[in-house]
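Following: one structure in structure tokens, then a few remarks.
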Amino acid sequence: MKKQILISVFIAFFAFMTSAAMAETFNGTFSGAFCTFYSNTCLVSEGHIALEKDFVLNTADGKTYFVLNVDRSLKVRHLNDKIRIIGKVKNDLIIAERVQVNKGGKYMTVWNMDAEVKEMNKWYNKFSGG
């Protein structure tokens, strides 16, 4: 019962956050949040990556956004890649609907919210007996 309530709250939170605005597209690269805040140059080394709690999207126009609902591990995997995020923004926070990575001049989807919700529901049903 607690898991069902938790999943319902999670889905309601994202529904609330995403209902206020239309999806926008953001192009940029991921870099360490702490490093971005304190300097202009972020190293991409194992030691530096390990110390970063989260990563942010930096756009060509100099803006920085936290992508709230995308896991840190996905951001780390794509530190040197050109990123496109389709999602909704409020201040400097993005709730992503899709994350795409430029490979060979073409953007490929590497994460999407619909698949994430389906996966959570699958695991919930598996462990709850539903």
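Quick note on naming: the chains in the structure tokens go A, B, ... in the order shown, residues restart at 1 in each chain, and ligands are numbered from 1 in order of appearance.
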Could you name the residues that touch range 69-72 of chain A at 10 Å or less, counting only C-alpha atoms, but leaving out those on the same chain fewer than 3 positions away, as a PyMOL selection string? chain A and resi 14+52-56+66+75-77+93-99+111-113+116
Can you tell me, as JSON, numbers by chain, which residues in range 1-129 of chain A count as strand (DSSP E) by DSSP? {"A": [24, 25, 26, 27, 28, 29, 30, 31, 32, 55, 56, 57, 58, 59, 64, 65, 66, 67, 83, 84, 85, 86, 87, 88, 89, 90, 93, 94, 95, 96, 97, 98, 99, 100, 101, 102, 103, 106, 107, 108, 109, 110, 111, 112]}
Judged by only C-alpha atoms, the minimum distance to His78 in chain A among A:Val44, A:Lys106, A:Phe30, A:Cys35 is found for A:Phe30
Write down as a PyMOL selection string the residues belonging to chain A that are assigned helix (DSSP H, G or I) by DSSP computed on the backbone. chain A and resi 2-19+33-38+46-51+72-77+113-128
Close residues, Phe26 in chain A itself excluded, 8 Å, only C-alpha atoms, min 6 positions apart in chain, as number ranges by chain: A: 59, 84-86
So what do you get for CA of Met22 in chain A versus CA of Leu74 in chain A, distance-wise? 24.1 Å
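When CA of Ala50 in chain A is paired with CA of Gly32 in chain A, their separation reads 10.0 Å.
The shell of residues at most 9 Å from Tyr107 in chain A, with only C-alpha atoms counted and near chain neighbours (fewer than 4 positions) removed, consists of Lys82, Ile83, Arg84, Gln100, Val101, Asn102 and Lys103 of chain A.
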What is the CA of Val89 in chain A-CA of Tyr38 in chain A distance in Å, reported with one decimal?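 The value is 23.1 Å.
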